[in-house]
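Engineer: Input work_10.pdb, format and content: PDB, C-alpha atoms.
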```
ATOM      1  CA  MET A   1     107.482  75.365  58.663  1.00  0.00           C
ATOM      2  CA  PHE A   2     107.780  74.724  54.912  1.00  0.00           C
ATOM      3  CA  ASN A   3     105.114  73.747  52.399  1.00  0.00           C
ATOM      4  CA  VAL A   4     105.930  70.969  49.944  1.00  0.00           C
ATOM      5  CA  VAL A   5     103.905  71.004  46.720  1.00  0.00           C
ATOM      6  CA  LEU A   6     103.859  67.943  44.463  1.00  0.00           C
ATOM      7  CA  VAL A   7     102.401  68.665  41.038  1.00  0.00           C
ATOM      8  CA  GLU A   8     100.889  65.494  39.586  1.00  0.00           C
ATOM      9  CA  PRO A   9     103.103  62.946  41.371  1.00  0.00           C
ATOM     10  CA  GLU A  10     103.125  59.561  39.660  1.00  0.00           C
ATOM     11  CA  ILE A  11     104.923  57.062  41.903  1.00  0.00           C
ATOM     12  CA  PRO A  12     103.221  56.121  45.183  1.00  0.00           C
ATOM     13  CA  GLN A  13     106.436  55.124  46.959  1.00  0.00           C
ATOM     14  CA  ASN A  14     107.936  58.570  46.348  1.00  0.00           C
ATOM     15  CA  THR A  15     104.904  60.327  47.793  1.00  0.00           C
ATOM     16  CA  GLY A  16     104.923  57.955  50.762  1.00  0.00           C
ATOM     17  CA  ASN A  17     108.575  58.769  51.433  1.00  0.00           C
ATOM     18  CA  ILE A  18     107.789  62.477  51.155  1.00  0.00           C
ATOM     19  CA  VAL A  19     105.017  62.060  53.739  1.00  0.00           C
ATOM     20  CA  ARG A  20     107.642  60.642  56.067  1.00  0.00           C
ATOM     21  CA  THR A  21     109.973  63.597  55.410  1.00  0.00           C
ATOM     22  CA  CYS A  22     107.099  66.009  56.071  1.00  0.00           C
ATOM     23  CA  ALA A  23     106.300  64.247  59.347  1.00  0.00           C
ATOM     24  CA  ALA A  24     109.936  64.473  60.471  1.00  0.00           C
ATOM     25  CA  THR A  25     110.216  68.174  59.608  1.00  0.00           C
ATOM     26  CA  GLY A  26     106.755  69.596  60.265  1.00  0.00           C
ATOM     27  CA  ALA A  27     106.285  70.459  56.583  1.00  0.00           C
ATOM     28  CA  LYS A  28     102.788  70.593  55.110  1.00  0.00           C
ATOM     29  CA  LEU A  29     102.104  68.583  51.957  1.00  0.00           C
ATOM     30  CA  HIS A  30     100.074  69.947  49.045  1.00  0.00           C
ATOM     31  CA  LEU A  31      99.137  67.428  46.332  1.00  0.00           C
ATOM     32  CA  VAL A  32      98.045  68.699  42.922  1.00  0.00           C
ATOM     33  CA  ARG A  33      95.863  66.346  40.880  1.00  0.00           C
ATOM     34  CA  PRO A  34      95.810  64.246  38.860  1.00  0.00           C
ATOM     35  CA  LEU A  35      97.730  61.819  41.039  1.00  0.00           C
ATOM     36  CA  GLY A  36      99.243  58.756  39.408  1.00  0.00           C
ATOM     37  CA  PHE A  37      97.871  56.516  42.174  1.00  0.00           C
ATOM     38  CA  GLU A  38      95.019  56.153  44.616  1.00  0.00           C
ATOM     39  CA  VAL A  39      95.562  57.735  48.009  1.00  0.00           C
ATOM     40  CA  SER A  40      94.637  54.384  49.520  1.00  0.00           C
ATOM     41  CA  ASP A  41      97.349  52.633  47.462  1.00  0.00           C
ATOM     42  CA  LYS A  42      99.127  50.015  49.588  1.00  0.00           C
ATOM     43  CA  TYR A  43     102.558  51.103  48.296  1.00  0.00           C
ATOM     44  CA  LEU A  44     101.829  54.690  49.246  1.00  0.00           C
ATOM     45  CA  LYS A  45     100.794  53.695  52.760  1.00  0.00           C
ATOM     46  CA  ARG A  46     103.736  51.303  53.169  1.00  0.00           C
ATOM     47  CA  ALA A  47     106.299  53.929  52.141  1.00  0.00           C
ATOM     48  CA  GLY A  48     104.764  56.519  54.487  1.00  0.00           C
ATOM     49  CA  LEU A  49     104.480  53.929  57.233  1.00  0.00           C
ATOM     50  CA  ASP A  50     102.379  55.239  60.098  1.00  0.00           C
ATOM     51  CA  TYR A  51     103.187  58.916  59.529  1.00  0.00           C
ATOM     52  CA  TRP A  52     100.065  59.824  57.545  1.00  0.00           C
ATOM     53  CA  SER A  53      98.195  61.047  60.613  1.00  0.00           C
ATOM     54  CA  GLU A  54     101.100  63.341  61.557  1.00  0.00           C
ATOM     55  CA  VAL A  55     101.083  65.366  58.325  1.00  0.00           C
ATOM     56  CA  GLU A  56      98.713  68.076  57.130  1.00  0.00           C
ATOM     57  CA  ILE A  57      97.846  67.108  53.541  1.00  0.00           C
ATOM     58  CA  PHE A  58      95.864  69.294  51.145  1.00  0.00           C
ATOM     59  CA  TYR A  59      94.518  68.395  47.689  1.00  0.00           C
ATOM     60  CA  TYR A  60      94.035  70.671  44.667  1.00  0.00           C
ATOM     61  CA  ASP A  61      92.789  70.248  41.112  1.00  0.00           C
ATOM     62  CA  GLY A  62      95.513  72.470  39.631  1.00  0.00           C
ATOM     63  CA  ILE A  63      98.556  74.523  40.602  1.00  0.00           C
ATOM     64  CA  GLU A  64      96.581  77.712  40.002  1.00  0.00           C
ATOM     65  CA  GLU A  65      94.350  76.705  42.900  1.00  0.00           C
ATOM     66  CA  VAL A  66      97.398  76.651  45.198  1.00  0.00           C
ATOM     67  CA  PHE A  67      98.505  80.109  43.980  1.00  0.00           C
ATOM     68  CA  ALA A  68      94.984  81.485  44.519  1.00  0.00           C
ATOM     69  CA  LYS A  69      94.767  80.110  48.057  1.00  0.00           C
ATOM     70  CA  PHE A  70      98.166  81.556  49.038  1.00  0.00           C
ATOM     71  CA  PRO A  71      98.514  84.757  46.964  1.00  0.00           C
ATOM     72  CA  HIS A  72     101.038  86.444  49.271  1.00  0.00           C
ATOM     73  CA  SER A  73     103.346  83.456  49.694  1.00  0.00           C
ATOM     74  CA  ARG A  74     106.727  82.790  48.108  1.00  0.00           C
ATOM     75  CA  PHE A  75     107.043  79.844  45.733  1.00  0.00           C
ATOM     76  CA  PHE A  76     110.286  78.149  44.673  1.00  0.00           C
ATOM     77  CA  PHE A  77     110.244  75.755  41.726  1.00  0.00           C
ATOM     78  CA  PHE A  78     112.710  72.878  41.693  1.00  0.00           C
ATOM     79  CA  THR A  79     113.919  71.936  38.236  1.00  0.00           C
ATOM     80  CA  THR A  80     117.045  70.758  36.472  1.00  0.00           C
ATOM     81  CA  LYS A  81     116.608  73.921  34.354  1.00  0.00           C
ATOM     82  CA  GLY A  82     116.961  76.336  37.278  1.00  0.00           C
ATOM     83  CA  LEU A  83     119.456  79.186  36.982  1.00  0.00           C
ATOM     84  CA  LYS A  84     120.246  79.246  40.724  1.00  0.00           C
ATOM     85  CA  ARG A  85     121.383  76.478  43.044  1.00  0.00           C
ATOM     86  CA  HIS A  86     118.955  75.447  45.755  1.00  0.00           C
ATOM     87  CA  SER A  87     121.455  76.564  48.387  1.00  0.00           C
ATOM     88  CA  ASP A  88     121.639  80.094  46.897  1.00  0.00           C
ATOM     89  CA  ALA A  89     117.988  80.862  47.626  1.00  0.00           C
ATOM     90  CA  GLU A  90     117.220  82.457  50.974  1.00  0.00           C
ATOM     91  CA  LEU A  91     114.399  80.264  52.217  1.00  0.00           C
ATOM     92  CA  ALA A  92     112.054  81.354  54.980  1.00  0.00           C
ATOM     93  CA  GLU A  93     109.476  79.649  57.142  1.00  0.00           C
ATOM     94  CA  GLY A  94     106.205  79.243  55.246  1.00  0.00           C
ATOM     95  CA  ASP A  95     107.793  79.152  51.775  1.00  0.00           C
ATOM     96  CA  PHE A  96     106.356  76.781  49.181  1.00  0.00           C
ATOM     97  CA  LEU A  97     108.783  74.296  47.610  1.00  0.00           C
ATOM     98  CA  VAL A  98     107.250  73.073  44.339  1.00  0.00           C
ATOM     99  CA  PHE A  99     108.190  69.840  42.558  1.00  0.00           C
ATOM    100  CA  GLY A 100     106.918  68.305  39.326  1.00  0.00           C
ATOM    101  CA  LYS A 101     105.978  64.816  38.277  1.00  0.00           C
ATOM    102  CA  GLU A 102     108.681  62.185  38.098  1.00  0.00           C
ATOM    103  CA  SER A 103     108.531  61.667  34.325  1.00  0.00           C
ATOM    104  CA  LYS A 104     108.458  65.292  33.105  1.00  0.00           C
ATOM    105  CA  GLY A 105     109.069  67.711  35.950  1.00  0.00           C
ATOM    106  CA  LEU A 106     107.168  70.993  36.102  1.00  0.00           C
ATOM    107  CA  PRO A 107     105.374  72.470  33.070  1.00  0.00           C
ATOM    108  CA  GLU A 108     107.638  74.611  30.861  1.00  0.00           C
ATOM    109  CA  GLU A 109     105.242  77.585  30.970  1.00  0.00           C
ATOM    110  CA  LEU A 110     105.250  77.573  34.777  1.00  0.00           C
ATOM    111  CA  LEU A 111     109.053  77.649  34.778  1.00  0.00           C
ATOM    112  CA  LYS A 112     109.188  80.478  32.214  1.00  0.00           C
ATOM    113  CA  ASN A 113     106.762  82.570  34.271  1.00  0.00           C
ATOM    114  CA  ASN A 114     108.773  82.033  37.465  1.00  0.00           C
ATOM    115  CA  ARG A 115     112.335  82.041  36.115  1.00  0.00           C
ATOM    116  CA  GLU A 116     113.811  83.954  39.093  1.00  0.00           C
ATOM    117  CA  ASN A 117     112.485  81.408  41.580  1.00  0.00           C
ATOM    118  CA  CYS A 118     113.572  78.283  39.698  1.00  0.00           C
ATOM    119  CA  LEU A 119     116.155  76.323  41.672  1.00  0.00           C
ATOM    120  CA  ARG A 120     118.294  73.349  40.744  1.00  0.00           C
ATOM    121  CA  ILE A 121     120.077  70.795  42.856  1.00  0.00           C
ATOM    122  CA  PRO A 122     123.597  70.390  41.419  1.00  0.00           C
ATOM    123  CA  MET A 123     124.547  67.059  39.838  1.00  0.00           C
ATOM    124  CA  ILE A 124     127.629  65.872  37.987  1.00  0.00           C
ATOM    125  CA  GLY A 125     127.898  64.594  34.436  1.00  0.00           C
ATOM    126  CA  GLU A 126     124.913  63.754  32.306  1.00  0.00           C
ATOM    127  CA  THR A 127     122.670  62.707  35.184  1.00  0.00           C
ATOM    128  CA  ARG A 128     119.111  63.480  34.118  1.00  0.00           C
ATOM    129  CA  SER A 129     117.596  64.090  37.548  1.00  0.00           C
ATOM    130  CA  LEU A 130     117.421  62.968  41.156  1.00  0.00           C
ATOM    131  CA  ASN A 131     114.643  60.890  42.663  1.00  0.00           C
ATOM    132  CA  LEU A 132     111.673  63.068  43.655  1.00  0.00           C
ATOM    133  CA  SER A 133     111.635  62.064  47.318  1.00  0.00           C
ATOM    134  CA  ASN A 134     115.394  62.673  47.579  1.00  0.00           C
ATOM    135  CA  SER A 135     115.003  66.108  45.982  1.00  0.00           C
ATOM    136  CA  VAL A 136     112.268  67.062  48.441  1.00  0.00           C
ATOM    137  CA  ALA A 137     114.420  65.952  51.383  1.00  0.00           C
ATOM    138  CA  ILE A 138     117.414  67.930  50.098  1.00  0.00           C
ATOM    139  CA  ALA A 139     115.304  71.074  49.650  1.00  0.00           C
ATOM    140  CA  VAL A 140     113.494  70.873  52.991  1.00  0.00           C
ATOM    141  CA  TYR A 141     116.675  70.182  54.935  1.00  0.00           C
ATOM    142  CA  GLU A 142     118.498  73.024  53.175  1.00  0.00           C
ATOM    143  CA  GLY A 143     115.710  75.316  54.346  1.00  0.00           C
ATOM    144  CA  LEU A 144     115.979  73.963  57.871  1.00  0.00           C
ATOM    145  CA  ARG A 145     119.764  74.426  57.794  1.00  0.00           C
ATOM    146  CA  GLN A 146     119.260  78.061  56.810  1.00  0.00           C
ATOM    147  CA  LEU A 147     116.921  78.451  59.789  1.00  0.00           C
ATOM    148  CA  ASP A 148     119.605  76.822  61.983  1.00  0.00           C
ATOM    149  CA  PHE A 149     117.248  73.886  62.668  1.00  0.00           C
ATOM    150  CA  GLU A 150     115.351  76.032  65.151  1.00  0.00           C
ATOM    151  CA  GLY A 151     113.118  73.853  67.315  1.00  0.00           C
ATOM    152  CA  PHE A 152     114.742  70.585  66.189  1.00  0.00           C
ATOM    153  CA  LYS A 153     116.654  68.068  68.235  1.00  0.00           C
ATOM    154  CA  THR A 154     120.170  68.405  66.858  1.00  0.00           C
ATOM    155  CA  GLU A 155     122.330  66.836  69.546  1.00  0.00           C
ATOM    156  CA  GLY A 156     123.463  63.267  69.088  1.00  0.00           C
ATOM    157  CA  GLN A 157     122.615  60.480  71.473  1.00  0.00           C
ATOM    158  CA  LEU A 158     125.958  58.620  71.458  1.00  0.00           C
ATOM    159  CA  HIS A 159     126.517  59.431  75.112  1.00  0.00           C
ATOM    160  CA  ASN A 160     123.631  57.069  75.953  1.00  0.00           C
ATOM    161  CA  LEU A 161     125.249  54.066  74.242  1.00  0.00           C
ATOM    162  CA  LYS A 162     126.989  51.426  76.295  1.00  0.00           C
ATOM    163  CA  TRP A 163     130.346  50.693  74.635  1.00  0.00           C
TER     164      TRP A 163
END
```
Would you mind writing the file out in C-alpha cells?
Structural biologist:
Amino acid sequence: MFNVVLVEPEIPQNTGNIVRTCAATGAKLHLVRPLGFEVSDKYLKRAGLDYWSEVEIFYYDGIEEVFAKFPHSRFFFFTTKGLKRHSDAELAEGDFLVFGKESKGLPEELLKNNRENCLRIPMIGETRSLNLSNSVAIAVYEGLRQLDFEGFKTEGQLHNLKW
C-alpha cells in the first residue's frame, strides 16, 4: 500500500496514532532519526495500543538514506508551503508520503528540491498547521479513496444492529 515517512517526529502520541492508522490501512512506517522520544516510551505505546506488531516499521539515520534505499519510488512532501492540494496529486500504491517534525515541518532545502511534489492540505484563515497524525490520516485516506479502497471493507454494518 502506501509508505508513510516521518522525518524527526517529536511527539510520541502522534507517532503512536500514526502506527494505528498504518495498521488500519496496511501502510508501512518509515521513521527518520533523531526521534524526539524513545521507541519504548509509554505514551507512544499507549497511543498505538496493541497495533505495533501489525505494522512494518523501518528506521533511518537521515532522509537521504530513505531516498537511497528506494531510488525509483515516488515521494510526496506534505507542507503548508505546497503549491498543489493533496487531493490534486495522483497517488499510486507504493508511493511515499513524507511528513516533517511537529515544530518545524520539513527542511526548506528538501522542499525547494522537490517543489513539484510538495502538497498541502487546505485550511481556512490563519491556521498554522494541522496535527501531524491527522495530516497523515488525511493523506493516506485520500490515497485509498483514489484507489477506490480496493481490498478494504467499505460496507456498513448497520443491518446487524437490533433497533
Engineer: Between atom CA of A:Gly151 and atom CA of A:Ile138, what distance in Å does the model show, to one decimal?
Structural biologist: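 Computing it gives 18.7 Å between the two atoms.
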Engineer: Run the PyMOL selection byres ((chain A and resi 109-126) around 6) on the file and write out the hits as a compact mmCIF listing (two decimals) with C-alpha atoms, keeping the file's coordinate frame.
Structural biologist:
```txt
# COMPACT_ATOMS: atom_id res chain seq x y z
CA PHE A 76 110.29 78.15 44.67
CA PHE A 77 110.24 75.76 41.73
CA PHE A 78 112.71 72.88 41.69
CA THR A 79 113.92 71.94 38.24
CA THR A 80 117.04 70.76 36.47
CA GLY A 82 116.96 76.34 37.28
CA LYS A 84 120.25 79.25 40.72
CA ARG A 85 121.38 76.48 43.04
CA HIS A 86 118.96 75.45 45.76
CA PRO A 107 105.37 72.47 33.07
CA GLU A 108 107.64 74.61 30.86
CA THR A 127 122.67 62.71 35.18
```
Engineer: If we count only C-alpha atoms, what is near stretch 55-63 of chain A at a cut-off of 10 Å, once residues fewer than 3 positions away on the same chain are taken out, given as a ChimeraX atom specification?
Structural biologist: /A:3-8,19-35,51-52,66-68,98,110
Engineer: Hey, what comes out of the PyMOL selection byres ((chain A and resi 90) around 10) on this file? Could you write it as a list in words?
Structural biologist: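 Evaluating the PyMOL selection byres ((chain A and resi 90) around 10) on this file yields His86, Ser87, Asp88, Ala89, Leu91, Ala92, Glu142, Gly143, Gln146 and Leu147 of chain A.
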Engineer: As an exercise, work out the distance from atom CA of A:Lys69 to atom CA of A:Glu54 in Å and give it to one decimal place.
Structural biologist: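 Pair atom CA of A:Lys69 / atom CA of A:Glu54 returns 22.4 Å.
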Engineer: From the options A:Asp50, A:Phe75, A:Ile18, A:Pro12, which residue's atoms come nearest to A:Ser135, counting only C-alpha atoms?
Structural biologist: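 Under the stated criterion, the closest residue is A:Ile18.
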Engineer: If you measure from atom CA of A:Ser129 to atom CA of A:Gly36, what distance in Å do you get, rounded to one decimal?
Structural biologist: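 Atom CA of A:Gly36 lies 19.2 Å from atom CA of A:Ser129.
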Engineer: Quick one: axis-aligned box around all listed atoms of stretch 103-115 of chain A, 6 Å on every side, centre and edge lengths in Å to one decimal, written as AutoDock Vina command-line options.
Structural biologist:
```
--center_x 108.8 --center_y 72.1 --center_z 34.2 --size_x 19.1 --size_y 32.9 --size_z 18.6
```
Engineer: From the list A:Met1, A:Gly105, A:Phe37, A:Leu83, which residue is nearest A:Phe152 when using all atoms listed in the file?
Structural biologist: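 Between A:Met1, A:Gly105, A:Phe37, A:Leu83, the residue approaching A:Phe152 most closely is A:Met1.
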Engineer: From the options A:Arg145, A:Arg74, A:Arg128, A:Lys153, which residue's atoms come nearest to A:Glu102, counting all atoms listed in the file?
Structural biologist: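 Answer, going by the shortest atom-to-atom distance: A:Arg128.
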Engineer: Looking at all atoms listed in the file, which of A:Phe96, A:Pro9, A:Asp148, A:Thr15 is the one that sits closest to A:His72?
Structural biologist: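 Using all atoms listed in the file, the shortest distance to A:His72 belongs to A:Phe96.
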Engineer: Looking at A:Asp95, A:Pro71, A:Glu150, A:Val39, which one is nearest to A:Glu10, with distances taken over only C-alpha atoms?
Structural biologist: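 Nearest to A:Glu10: A:Val39.
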Engineer: Using only C-alpha atoms, can you tell me which of A:Leu130, A:Leu144, A:Ile11, A:Ala137 comes closest to A:Glu93?
Structural biologist: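 Smallest distance to A:Glu93 is found for A:Leu144.
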